[in-house]
Amino acid sequence: MAAPSIWRSKRFRGAAIQAGFVAVLVALIIGATLTARANLSAQGLTSGFGFLWKSTGWEINFTLMETTTTDPYWWYLLMGLLNTLFMGVIGLAGASILGLIVGLMRSGRNPAARLLGTIYIELFRNLPLILQLFFWYALANALPNPRNSLAFAGALLNARGIYLPGLVIGRGTVALAVLAILVSAALAVWILASRRFRQIEPTRQRRLALCSTAAGLALAALAVVLGHDPSQPWITMPKLAGLKIDGGFRIQPEFYALAIAIMTYGAAYVGEIVRGGFKAVGRGQMEAANALGLSPWQVFSRVRFPLAFRAMLPILINQYVWLIKATTLGIAVGFSDFFMVIASSITHSGQTLEFIAILMGGFLLINFSLAAVLNRLNRAIALKGHQTTGAT
């Protein structure tokens, strides 16, 4: 008897094999989960995420908002995630600016600038990031004690950190102000990259993006004003009080050591990406811009840099995602990023599997969001080529 025709279909056999593979995989995952739950129960450990509402009983050394030892685990996880995002924004911004400078030096005609750019890239690119982190942290700890602090422009620098003149506002106010600026910046990028807004006049599009940025700055300023206590002065200056520093705003050594390491290390790769982007600009476009009588700055800002940015953005996306993941090295110096909060939570609660799942989910959310935004921007500014249509 001949087999049914459906079994002879190559498409059906392929779908059946894939369905069988997925079923086996799901069965293995379910079996592993049940086995892990049984083992945890045998050891007196509970599974699930109900512990997120329990008090932690330990402190975080750096947060953007107020925290106490009685806060639940979910609040600590949120603070760690904000710390990672804050470090990521600072690290990416610093690496981009410094990398752009190094890339321009490498692409210029000045031999001394090219040599300095080459030395920088070869030095910082070939040293492991964690080694550079330990170097900057050791350098920060080698600074004088508070009594012998280095003073400059109202700021104090010692082994306990950098003390700057600071606004008398709560840390929650700072977080709200930073959030307003980041949201407005993201909205401005969306306005510039969205197809809906690209259909309008470019001048109007840029005005809308500028208005979005201005609105974010205004909201940040409003948050600062509302978060200020009228009975207190606006600015507090750091000053020596015995063996410690009172007043001002303190930047911890763990924070700025990690930030400097990410900036300098990332800038070495960004600099090479920038150099490659400038080399990708054809000589014909440059000659055409010069033939139009444009000034050197106009040639750079309106022709060379936009074309180079299109070429370098796809590679920059991968580099930015990698630098975000590099913030996890903060645990080596005691910076309370998302990874360190997870590690400390596992130590105090014993909920290993749940916290590892939260850690993976958090970084997947951060990196997928960053890649989605930058890929959308890349598609928006990419040159679509020339299309021809026949006349009828």
# chains A, B, ... in the order shown; residues from 1 in each chain; ligands from 1
$ closest_atom_pairs --of "region 189-302 of chain A" --to "region 63-84 of chain A" --cutoff "12 Å" --atoms "only C-alpha atoms" --output "JSON lines"
{"residue": "A:Ile251", "atom": "CA", "partner": "A:Thr63", "partner_atom": "CA", "distance": 11.5}
{"residue": "A:Gln252", "atom": "CA", "partner": "A:Thr63", "partner_atom": "CA", "distance": 11.2}
{"residue": "A:Phe255", "atom": "CA", "partner": "A:Asn83", "partner_atom": "CA", "distance": 9.8}
{"residue": "A:Leu258", "atom": "CA", "partner": "A:Thr84", "partner_atom": "CA", "distance": 11.2}
{"residue": "A:Ala259", "atom": "CA", "partner": "A:Thr84", "partner_atom": "CA", "distance": 11.0}
$ write_last_selection --atoms "C-alpha atoms" --output "tab-separated table (two decimals), in the first residue's frame"
chain	number	residue	atom	x	y	z
A	251	ILE	CA	32.40	60.63	43.03
A	252	GLN	CA	33.61	57.30	44.35
A	255	PHE	CA	32.83	54.68	39.79
A	258	LEU	CA	35.47	51.98	35.83
A	259	ALA	CA	34.23	54.91	33.75
$ select_by_dssp --residues "region 132-206 of chain A" --states "strand (DSSP E or B)" --output "list in words"
Leu150, Ala151, Phe152, Ala155, Leu156, Leu157, Asn158, Gly161, Ile162, Tyr163, Leu164, Gly166, Leu167 and Ile169 of chain A
$ write_last_selection --atoms "C-alpha atoms" --output "tab-separated table (two decimals), in the first residue's frame"
chain	number	residue	atom	x	y	z
A	150	LEU	CA	44.57	68.02	46.15
A	151	ALA	CA	42.47	71.16	45.64
A	152	PHE	CA	41.59	72.70	42.29
A	155	ALA	CA	37.09	70.56	44.11
A	156	LEU	CA	39.05	68.15	46.31
A	157	LEU	CA	40.79	65.00	45.14
A	158	ASN	CA	41.92	62.26	47.50
A	161	GLY	CA	37.09	60.05	45.74
A	162	ILE	CA	36.57	63.31	43.90
A	163	TYR	CA	34.58	65.92	45.83
A	164	LEU	CA	32.91	68.51	43.63
A	166	GLY	CA	27.18	70.00	44.36
A	167	LEU	CA	23.55	71.02	44.28
A	169	ILE	CA	19.00	68.08	46.04
$ closest_residue --among "A:Val168, A:Ala209, A:Leu179, A:Ile235" --to "Phe86 (chain A)" --atoms "only C-alpha atoms"
A:Leu179
$ residues_around --residues "Leu313 (chain A)" --least-positions-apart "3" --cutoff "9 Å" --atoms "only C-alpha atoms" --output "MDAnalysis selection string"
chainID A and resid 273 277 308:310 316:317 374:375 377:378
$ closest_residue --among "A:Arg302, A:Lys54, A:Arg204, A:Arg275" --to "Ile101 (chain A)" --atoms "only C-alpha atoms"
A:Arg275
$ select_by_dssp --residues "region 33-279 of chain A" --states "alpha helix (DSSP H)" --output "tab-separated table (two decimals) with N, CA and C atoms, in the first residue's frame"
chain	number	residue	atom	x	y	z
A	33	THR	N	14.03	21.57	34.98
A	33	THR	CA	13.41	22.46	35.94
A	33	THR	C	12.81	21.69	37.11
A	34	LEU	N	12.09	20.61	36.80
A	34	LEU	CA	11.50	19.80	37.87
A	34	LEU	C	12.57	19.16	38.74
A	35	THR	N	13.65	18.70	38.11
A	35	THR	CA	14.74	18.10	38.88
A	35	THR	C	15.40	19.13	39.80
A	36	ALA	N	15.64	20.34	39.25
A	36	ALA	CA	16.24	21.40	40.07
A	36	ALA	C	15.33	21.77	41.23
A	37	ARG	N	14.02	21.85	40.98
A	37	ARG	CA	13.09	22.19	42.05
A	37	ARG	C	13.08	21.11	43.12
A	38	ALA	N	13.13	19.85	42.71
A	38	ALA	CA	13.16	18.76	43.69
A	38	ALA	C	14.43	18.80	44.52
A	39	ASN	N	15.57	19.08	43.87
A	39	ASN	CA	16.83	19.16	44.61
A	39	ASN	C	16.83	20.33	45.58
A	40	LEU	N	16.28	21.47	45.16
A	40	LEU	CA	16.20	22.61	46.05
A	40	LEU	C	15.29	22.32	47.24
A	41	SER	N	14.18	21.64	46.98
A	41	SER	CA	13.27	21.30	48.08
A	41	SER	C	13.93	20.35	49.05
A	42	ALA	N	14.73	19.42	48.53
A	42	ALA	CA	15.43	18.48	49.42
A	42	ALA	C	16.44	19.19	50.32
A	73	TYR	N	14.14	43.23	47.59
A	73	TYR	CA	15.12	42.86	46.58
A	73	TYR	C	14.81	43.51	45.22
A	74	TRP	N	13.54	43.64	44.87
A	74	TRP	CA	13.21	44.20	43.56
A	74	TRP	C	13.68	45.64	43.45
A	75	TRP	N	13.67	46.38	44.55
A	75	TRP	CA	14.15	47.75	44.52
A	75	TRP	C	15.66	47.79	44.34
A	76	TYR	N	16.36	46.89	45.02
A	76	TYR	CA	17.81	46.82	44.85
A	76	TYR	C	18.18	46.43	43.42
A	77	LEU	N	17.41	45.50	42.84
A	77	LEU	CA	17.68	45.11	41.46
A	77	LEU	C	17.46	46.29	40.51
A	78	LEU	N	16.43	47.06	40.77
A	78	LEU	CA	16.18	48.24	39.94
A	78	LEU	C	17.31	49.25	40.09
A	79	MET	N	17.82	49.45	41.29
A	79	MET	CA	18.93	50.38	41.49
A	79	MET	C	20.19	49.88	40.79
A	80	GLY	N	20.44	48.57	40.84
A	80	GLY	CA	21.59	48.03	40.12
A	80	GLY	C	21.46	48.19	38.62
A	81	LEU	N	20.24	48.00	38.11
A	81	LEU	CA	20.01	48.19	36.67
A	81	LEU	C	20.22	49.65	36.27
A	82	LEU	N	19.75	50.58	37.12
A	82	LEU	CA	19.97	52.00	36.84
A	82	LEU	C	21.45	52.34	36.88
A	83	ASN	N	22.19	51.76	37.81
A	83	ASN	CA	23.63	52.00	37.88
A	83	ASN	C	24.33	51.52	36.61
A	84	THR	N	23.93	50.35	36.12
A	84	THR	CA	24.51	49.83	34.87
A	84	THR	C	24.19	50.75	33.70
A	85	LEU	N	22.93	51.19	33.61
A	85	LEU	CA	22.55	52.09	32.53
A	85	LEU	C	23.29	53.43	32.63
A	86	PHE	N	23.43	53.94	33.85
A	86	PHE	CA	24.14	55.20	34.06
A	86	PHE	C	25.61	55.07	33.66
A	87	MET	N	26.24	53.99	34.09
A	87	MET	CA	27.64	53.76	33.70
A	87	MET	C	27.75	53.55	32.20
A	88	GLY	N	26.78	52.84	31.62
A	88	GLY	CA	26.82	52.60	30.19
A	88	GLY	C	26.70	53.89	29.39
A	89	VAL	N	25.80	54.78	29.80
A	89	VAL	CA	25.64	56.06	29.09
A	89	VAL	C	26.93	56.88	29.18
A	90	ILE	N	27.50	56.97	30.37
A	90	ILE	CA	28.74	57.73	30.54
A	90	ILE	C	29.89	57.09	29.76
A	91	GLY	N	30.00	55.77	29.85
A	91	GLY	CA	31.09	55.09	29.15
A	91	GLY	C	30.98	55.20	27.64
A	92	LEU	N	29.76	55.01	27.10
A	92	LEU	CA	29.58	55.10	25.65
A	92	LEU	C	29.81	56.52	25.16
A	93	ALA	N	29.30	57.51	25.91
A	93	ALA	CA	29.49	58.90	25.49
A	93	ALA	C	30.97	59.27	25.50
A	94	GLY	N	31.66	58.92	26.59
A	94	GLY	CA	33.09	59.24	26.67
A	94	GLY	C	33.91	58.51	25.62
A	95	ALA	N	33.61	57.23	25.40
A	95	ALA	CA	34.34	56.47	24.38
A	95	ALA	C	34.07	57.02	22.99
A	96	SER	N	32.85	57.47	22.73
A	96	SER	CA	32.52	58.02	21.40
A	96	SER	C	33.26	59.33	21.15
A	97	ILE	N	33.24	60.23	22.14
A	97	ILE	CA	33.91	61.53	21.97
A	97	ILE	C	35.42	61.34	21.83
A	98	LEU	N	36.01	60.57	22.75
A	98	LEU	CA	37.45	60.35	22.70
A	98	LEU	C	37.84	59.57	21.45
A	99	GLY	N	37.02	58.59	21.08
A	99	GLY	CA	37.31	57.82	19.86
A	99	GLY	C	37.22	58.66	18.61
A	100	LEU	N	36.27	59.60	18.58
A	100	LEU	CA	36.17	60.50	17.43
A	100	LEU	C	37.42	61.35	17.30
A	101	ILE	N	37.92	61.84	18.44
A	101	ILE	CA	39.15	62.66	18.41
A	101	ILE	C	40.33	61.82	17.92
A	102	VAL	N	40.45	60.61	18.45
A	102	VAL	CA	41.57	59.74	18.04
A	102	VAL	C	41.44	59.37	16.57
A	103	GLY	N	40.21	59.08	16.12
A	103	GLY	CA	40.02	58.75	14.72
A	103	GLY	C	40.36	59.90	13.79
A	104	LEU	N	40.00	61.11	14.19
A	104	LEU	CA	40.36	62.29	13.39
A	104	LEU	C	41.87	62.48	13.36
A	105	MET	N	42.52	62.23	14.49
A	105	MET	CA	43.98	62.34	14.50
A	105	MET	C	44.61	61.32	13.56
A	106	ARG	N	44.07	60.11	13.55
A	106	ARG	CA	44.61	59.07	12.67
A	106	ARG	C	44.32	59.35	11.20
A	107	SER	N	43.24	60.09	10.93
A	107	SER	CA	42.85	60.37	9.54
A	107	SER	C	43.41	61.67	9.02
A	111	PRO	N	51.62	64.52	10.67
A	111	PRO	CA	52.33	63.29	11.09
A	111	PRO	C	52.37	63.12	12.60
A	112	ALA	N	52.53	64.20	13.35
A	112	ALA	CA	52.58	64.10	14.80
A	112	ALA	C	51.25	63.63	15.35
A	113	ALA	N	50.14	64.16	14.81
A	113	ALA	CA	48.82	63.73	15.28
A	113	ALA	C	48.56	62.27	14.93
A	114	ARG	N	48.97	61.86	13.73
A	114	ARG	CA	48.79	60.45	13.36
A	114	ARG	C	49.60	59.54	14.27
A	115	LEU	N	50.82	59.97	14.61
A	115	LEU	CA	51.66	59.16	15.49
A	115	LEU	C	51.04	59.03	16.87
A	116	LEU	N	50.54	60.14	17.42
A	116	LEU	CA	49.91	60.09	18.74
A	116	LEU	C	48.66	59.21	18.72
A	117	GLY	N	47.87	59.33	17.67
A	117	GLY	CA	46.68	58.49	17.56
A	117	GLY	C	47.04	57.01	17.47
A	118	THR	N	48.08	56.70	16.70
A	118	THR	CA	48.51	55.31	16.57
A	118	THR	C	49.02	54.75	17.90
A	119	ILE	N	49.81	55.56	18.61
A	119	ILE	CA	50.33	55.11	19.91
A	119	ILE	C	49.17	54.85	20.88
A	120	TYR	N	48.19	55.74	20.88
A	120	TYR	CA	47.05	55.56	21.78
A	120	TYR	C	46.31	54.26	21.47
A	121	ILE	N	46.02	54.04	20.22
A	121	ILE	CA	45.25	52.85	19.84
A	121	ILE	C	46.02	51.58	20.14
A	122	GLU	N	47.29	51.54	19.78
A	122	GLU	CA	48.08	50.33	20.00
A	122	GLU	C	48.29	50.07	21.49
A	123	LEU	N	48.34	51.12	22.29
A	123	LEU	CA	48.55	50.94	23.73
A	123	LEU	C	47.29	50.43	24.42
A	124	PHE	N	46.17	51.13	24.25
A	124	PHE	CA	44.96	50.79	25.00
A	124	PHE	C	44.21	49.61	24.39
A	125	ARG	N	44.37	49.37	23.10
A	125	ARG	CA	43.65	48.26	22.49
A	125	ARG	C	44.28	46.92	22.83
A	129	LEU	N	41.08	44.89	29.34
A	129	LEU	CA	40.27	45.91	30.01
A	129	LEU	C	40.37	45.80	31.52
A	130	ILE	N	40.36	44.59	32.05
A	130	ILE	CA	40.41	44.45	33.50
A	130	ILE	C	41.76	44.91	34.04
A	131	LEU	N	42.84	44.76	33.26
A	131	LEU	CA	44.14	45.27	33.68
A	131	LEU	C	44.12	46.79	33.72
A	132	GLN	N	43.52	47.42	32.74
A	132	GLN	CA	43.40	48.87	32.76
A	132	GLN	C	42.52	49.34	33.92
A	133	LEU	N	41.47	48.58	34.23
A	133	LEU	CA	40.62	48.93	35.36
A	133	LEU	C	41.40	48.88	36.66
A	134	PHE	N	42.19	47.83	36.86
A	134	PHE	CA	43.01	47.74	38.07
A	134	PHE	C	44.03	48.86	38.13
A	135	PHE	N	44.57	49.27	36.98
A	135	PHE	CA	45.54	50.36	36.96
A	135	PHE	C	44.90	51.67	37.43
A	136	TRP	N	43.74	52.01	36.87
A	136	TRP	CA	43.09	53.26	37.26
A	136	TRP	C	42.63	53.21	38.71
A	137	TYR	N	42.18	52.05	39.17
A	137	TYR	CA	41.73	51.94	40.55
A	137	TYR	C	42.91	52.04	41.52
A	138	ALA	N	44.04	51.42	41.16
A	138	ALA	CA	45.23	51.53	41.99
A	138	ALA	C	45.74	52.97	42.02
A	139	LEU	N	45.64	53.65	40.88
A	139	LEU	CA	46.05	55.04	40.83
A	139	LEU	C	45.15	55.91	41.71
A	140	ALA	N	43.85	55.60	41.71
A	140	ALA	CA	42.92	56.36	42.56
A	140	ALA	C	43.21	56.12	44.04
A	141	ASN	N	43.55	54.89	44.41
A	141	ASN	CA	43.85	54.60	45.81
A	141	ASN	C	45.20	55.14	46.25
A	171	ARG	N	18.96	62.44	45.73
A	171	ARG	CA	19.43	61.59	44.64
A	171	ARG	C	18.28	61.17	43.73
A	172	GLY	N	17.07	61.10	44.29
A	172	GLY	CA	15.92	60.80	43.45
A	172	GLY	C	15.67	61.88	42.43
A	173	THR	N	15.93	63.13	42.82
A	173	THR	CA	15.77	64.25	41.89
A	173	THR	C	16.77	64.14	40.74
A	174	VAL	N	17.99	63.77	41.07
A	174	VAL	CA	19.01	63.58	40.03
A	174	VAL	C	18.59	62.49	39.05
A	175	ALA	N	18.04	61.39	39.57
A	175	ALA	CA	17.61	60.30	38.70
A	175	ALA	C	16.48	60.75	37.78
A	176	LEU	N	15.53	61.53	38.30
A	176	LEU	CA	14.43	62.03	37.47
A	176	LEU	C	14.95	62.99	36.40
A	177	ALA	N	15.91	63.83	36.75
A	177	ALA	CA	16.46	64.77	35.78
A	177	ALA	C	17.20	64.02	34.67
A	178	VAL	N	18.00	63.03	35.06
A	178	VAL	CA	18.72	62.24	34.05
A	178	VAL	C	17.74	61.49	33.16
A	179	LEU	N	16.67	60.95	33.76
A	179	LEU	CA	15.67	60.22	32.98
A	179	LEU	C	14.99	61.14	31.98
A	180	ALA	N	14.67	62.36	32.39
A	180	ALA	CA	14.03	63.31	31.47
A	180	ALA	C	14.94	63.63	30.29
A	181	ILE	N	16.22	63.80	30.55
A	181	ILE	CA	17.17	64.11	29.48
A	181	ILE	C	17.31	62.92	28.53
A	182	LEU	N	17.41	61.71	29.08
A	182	LEU	CA	17.57	60.53	28.23
A	182	LEU	C	16.33	60.28	27.38
A	183	VAL	N	15.14	60.46	27.96
A	183	VAL	CA	13.90	60.25	27.20
A	183	VAL	C	13.79	61.27	26.08
A	184	SER	N	14.13	62.52	26.37
A	184	SER	CA	14.05	63.55	25.33
A	184	SER	C	15.07	63.31	24.23
A	185	ALA	N	16.27	62.83	24.61
A	185	ALA	CA	17.27	62.52	23.59
A	185	ALA	C	16.82	61.35	22.71
A	186	ALA	N	16.23	60.32	23.34
A	186	ALA	CA	15.71	59.20	22.56
A	186	ALA	C	14.59	59.64	21.62
A	187	LEU	N	13.73	60.54	22.11
A	187	LEU	CA	12.65	61.06	21.27
A	187	LEU	C	13.21	61.86	20.10
A	188	ALA	N	14.26	62.63	20.34
A	188	ALA	CA	14.88	63.41	19.27
A	188	ALA	C	15.48	62.49	18.21
A	189	VAL	N	16.14	61.40	18.65
A	189	VAL	CA	16.69	60.44	17.68
A	189	VAL	C	15.57	59.80	16.88
A	190	TRP	N	14.45	59.48	17.55
A	190	TRP	CA	13.32	58.87	16.85
A	190	TRP	C	12.73	59.82	15.82
A	191	ILE	N	12.66	61.10	16.15
A	191	ILE	CA	12.14	62.10	15.21
A	191	ILE	C	13.04	62.18	13.98
A	192	LEU	N	14.36	62.13	14.20
A	192	LEU	CA	15.29	62.23	13.09
A	192	LEU	C	15.34	60.95	12.25
A	193	ALA	N	15.01	59.81	12.87
A	193	ALA	CA	15.15	58.53	12.18
A	193	ALA	C	13.84	57.97	11.65
A	195	ARG	N	10.51	57.27	9.65
A	195	ARG	CA	10.05	57.56	8.29
A	195	ARG	C	8.91	58.57	8.28
A	196	ARG	N	8.06	58.51	9.29
A	196	ARG	CA	6.94	59.44	9.36
A	196	ARG	C	7.42	60.88	9.41
A	197	PHE	N	8.48	61.15	10.19
A	197	PHE	CA	8.97	62.51	10.31
A	197	PHE	C	9.93	62.87	9.18
A	198	ARG	N	10.51	61.87	8.51
A	198	ARG	CA	11.42	62.18	7.41
A	198	ARG	C	10.67	62.66	6.18
A	202	PRO	N	13.11	68.97	6.09
A	202	PRO	CA	14.23	68.70	7.00
A	202	PRO	C	14.42	69.76	8.06
A	203	THR	N	14.22	71.03	7.69
A	203	THR	CA	14.38	72.09	8.69
A	203	THR	C	13.38	71.94	9.82
A	204	ARG	N	12.13	71.63	9.47
A	204	ARG	CA	11.11	71.43	10.49
A	204	ARG	C	11.39	70.19	11.32
A	205	GLN	N	11.93	69.17	10.69
A	205	GLN	CA	12.28	67.96	11.41
A	205	GLN	C	13.35	68.24	12.46
A	206	ARG	N	14.37	69.00	12.07
A	206	ARG	CA	15.42	69.34	13.03
A	206	ARG	C	14.87	70.22	14.14
A	207	ARG	N	13.93	71.09	13.83
A	207	ARG	CA	13.33	71.93	14.87
A	207	ARG	C	12.56	71.09	15.88
A	208	LEU	N	11.83	70.08	15.39
A	208	LEU	CA	11.10	69.21	16.30
A	208	LEU	C	12.05	68.45	17.22
A	209	ALA	N	13.17	67.96	16.66
A	209	ALA	CA	14.16	67.26	17.48
A	209	ALA	C	14.77	68.21	18.50
A	210	LEU	N	15.04	69.45	18.08
A	210	LEU	CA	15.59	70.44	19.01
A	210	LEU	C	14.59	70.78	20.10
A	211	CYS	N	13.31	70.88	19.74
A	211	CYS	CA	12.28	71.17	20.74
A	211	CYS	C	12.16	70.02	21.74
A	212	SER	N	12.30	68.79	21.26
A	212	SER	CA	12.25	67.64	22.16
A	212	SER	C	13.41	67.69	23.16
A	213	THR	N	14.60	68.01	22.67
A	213	THR	CA	15.75	68.11	23.57
A	213	THR	C	15.57	69.24	24.56
A	214	ALA	N	15.07	70.39	24.08
A	214	ALA	CA	14.86	71.52	24.97
A	214	ALA	C	13.81	71.20	26.03
A	215	ALA	N	12.76	70.46	25.65
A	215	ALA	CA	11.73	70.08	26.61
A	215	ALA	C	12.30	69.17	27.69
A	216	GLY	N	13.18	68.24	27.30
A	216	GLY	CA	13.82	67.38	28.28
A	216	GLY	C	14.68	68.16	29.26
A	217	LEU	N	15.45	69.11	28.73
A	217	LEU	CA	16.27	69.95	29.61
A	217	LEU	C	15.41	70.78	30.54
A	218	ALA	N	14.28	71.29	30.02
A	218	ALA	CA	13.37	72.09	30.86
A	218	ALA	C	12.77	71.23	31.97
A	219	LEU	N	12.37	69.99	31.64
A	219	LEU	CA	11.82	69.10	32.66
A	219	LEU	C	12.88	68.74	33.70
A	220	ALA	N	14.12	68.55	33.24
A	220	ALA	CA	15.20	68.26	34.19
A	220	ALA	C	15.43	69.44	35.13
A	221	ALA	N	15.42	70.65	34.56
A	221	ALA	CA	15.59	71.84	35.41
A	221	ALA	C	14.42	71.99	36.38
A	222	LEU	N	13.20	71.69	35.92
A	222	LEU	CA	12.04	71.76	36.80
A	222	LEU	C	12.14	70.75	37.94
A	223	ALA	N	12.61	69.54	37.63
A	223	ALA	CA	12.80	68.53	38.67
A	223	ALA	C	13.82	68.98	39.70
A	224	VAL	N	14.88	69.64	39.25
A	224	VAL	CA	15.91	70.13	40.17
A	224	VAL	C	15.33	71.23	41.07
A	225	VAL	N	14.55	72.13	40.48
A	225	VAL	CA	13.96	73.22	41.27
A	225	VAL	C	12.98	72.69	42.31
A	226	LEU	N	12.13	71.75	41.90
A	226	LEU	CA	11.15	71.20	42.83
A	226	LEU	C	11.80	70.31	43.89
A	253	PRO	N	35.84	56.35	43.97
A	253	PRO	CA	36.93	55.83	43.11
A	253	PRO	C	36.47	54.66	42.24
A	254	GLU	N	35.61	53.79	42.78
A	254	GLU	CA	35.13	52.65	42.01
A	254	GLU	C	34.38	53.11	40.76
A	255	PHE	N	33.63	54.20	40.91
A	255	PHE	CA	32.83	54.68	39.79
A	255	PHE	C	33.71	55.29	38.70
A	256	TYR	N	34.56	56.25	39.08
A	256	TYR	CA	35.31	56.93	38.02
A	256	TYR	C	36.44	56.06	37.48
A	257	ALA	N	36.94	55.11	38.25
A	257	ALA	CA	37.95	54.19	37.70
A	257	ALA	C	37.34	53.32	36.60
A	258	LEU	N	36.14	52.79	36.85
A	258	LEU	CA	35.47	51.98	35.83
A	258	LEU	C	35.09	52.83	34.62
A	259	ALA	N	34.61	54.05	34.86
A	259	ALA	CA	34.23	54.91	33.75
A	259	ALA	C	35.43	55.25	32.88
A	260	ILE	N	36.56	55.59	33.49
A	260	ILE	CA	37.77	55.93	32.72
A	260	ILE	C	38.25	54.71	31.94
A	261	ALA	N	38.21	53.52	32.57
A	261	ALA	CA	38.68	52.32	31.88
A	261	ALA	C	37.83	52.02	30.66
A	262	ILE	N	36.50	52.13	30.79
A	262	ILE	CA	35.62	51.86	29.65
A	262	ILE	C	35.82	52.90	28.56
A	263	MET	N	35.97	54.17	28.96
A	263	MET	CA	36.16	55.23	27.97
A	263	MET	C	37.45	55.04	27.18
A	264	THR	N	38.55	54.85	27.88
A	264	THR	CA	39.84	54.78	27.20
A	264	THR	C	39.97	53.51	26.37
A	265	TYR	N	39.47	52.40	26.91
A	265	TYR	CA	39.55	51.14	26.16
A	265	TYR	C	38.61	51.16	24.95
A	266	GLY	N	37.37	51.61	25.17
A	266	GLY	CA	36.43	51.68	24.06
A	266	GLY	C	36.84	52.67	23.00
A	267	ALA	N	37.48	53.79	23.42
A	267	ALA	CA	37.89	54.80	22.45
A	267	ALA	C	38.93	54.27	21.48
A	268	ALA	N	39.75	53.31	21.90
A	268	ALA	CA	40.75	52.74	20.99
A	268	ALA	C	40.06	52.03	19.82
A	269	TYR	N	39.00	51.30	20.10
A	269	TYR	CA	38.27	50.61	19.03
A	269	TYR	C	37.41	51.58	18.23
A	270	VAL	N	36.77	52.52	18.93
A	270	VAL	CA	35.96	53.51	18.22
A	270	VAL	C	36.82	54.35	17.30
A	271	GLY	N	38.04	54.66	17.74
A	271	GLY	CA	38.94	55.44	16.90
A	271	GLY	C	39.26	54.74	15.59
A	272	GLU	N	39.50	53.43	15.64
A	272	GLU	CA	39.76	52.67	14.42
A	272	GLU	C	38.51	52.59	13.54
A	273	ILE	N	37.35	52.49	14.18
A	273	ILE	CA	36.10	52.47	13.41
A	273	ILE	C	35.90	53.81	12.71
A	274	VAL	N	36.19	54.89	13.41
A	274	VAL	CA	36.05	56.22	12.82
A	274	VAL	C	37.03	56.38	11.65
A	275	ARG	N	38.26	55.93	11.84
A	275	ARG	CA	39.24	56.03	10.75
A	275	ARG	C	38.78	55.24	9.53
A	276	GLY	N	38.25	54.03	9.77
A	276	GLY	CA	37.75	53.25	8.65
A	276	GLY	C	36.57	53.90	7.97
A	277	GLY	N	35.71	54.56	8.75
A	277	GLY	CA	34.57	55.26	8.16
A	277	GLY	C	35.01	56.41	7.26
A	278	PHE	N	36.01	57.16	7.69
A	278	PHE	CA	36.49	58.27	6.86
A	278	PHE	C	37.19	57.76	5.60
A	279	LYS	N	37.89	56.64	5.72
A	279	LYS	CA	38.55	56.09	4.53
A	279	LYS	C	37.54	55.55	3.53
$ residues_around --residues "region 361-364 of chain A" --least-positions-apart "5" --cutoff "9 Å" --atoms "only C-alpha atoms" --output "number ranges by chain"
A: 81, 324-325, 338, 356, 369
$ atom_distance --atom1 "CA of Phe62 (chain A)" --atom2 "CA of Val341 (chain A)"
10.7 Å
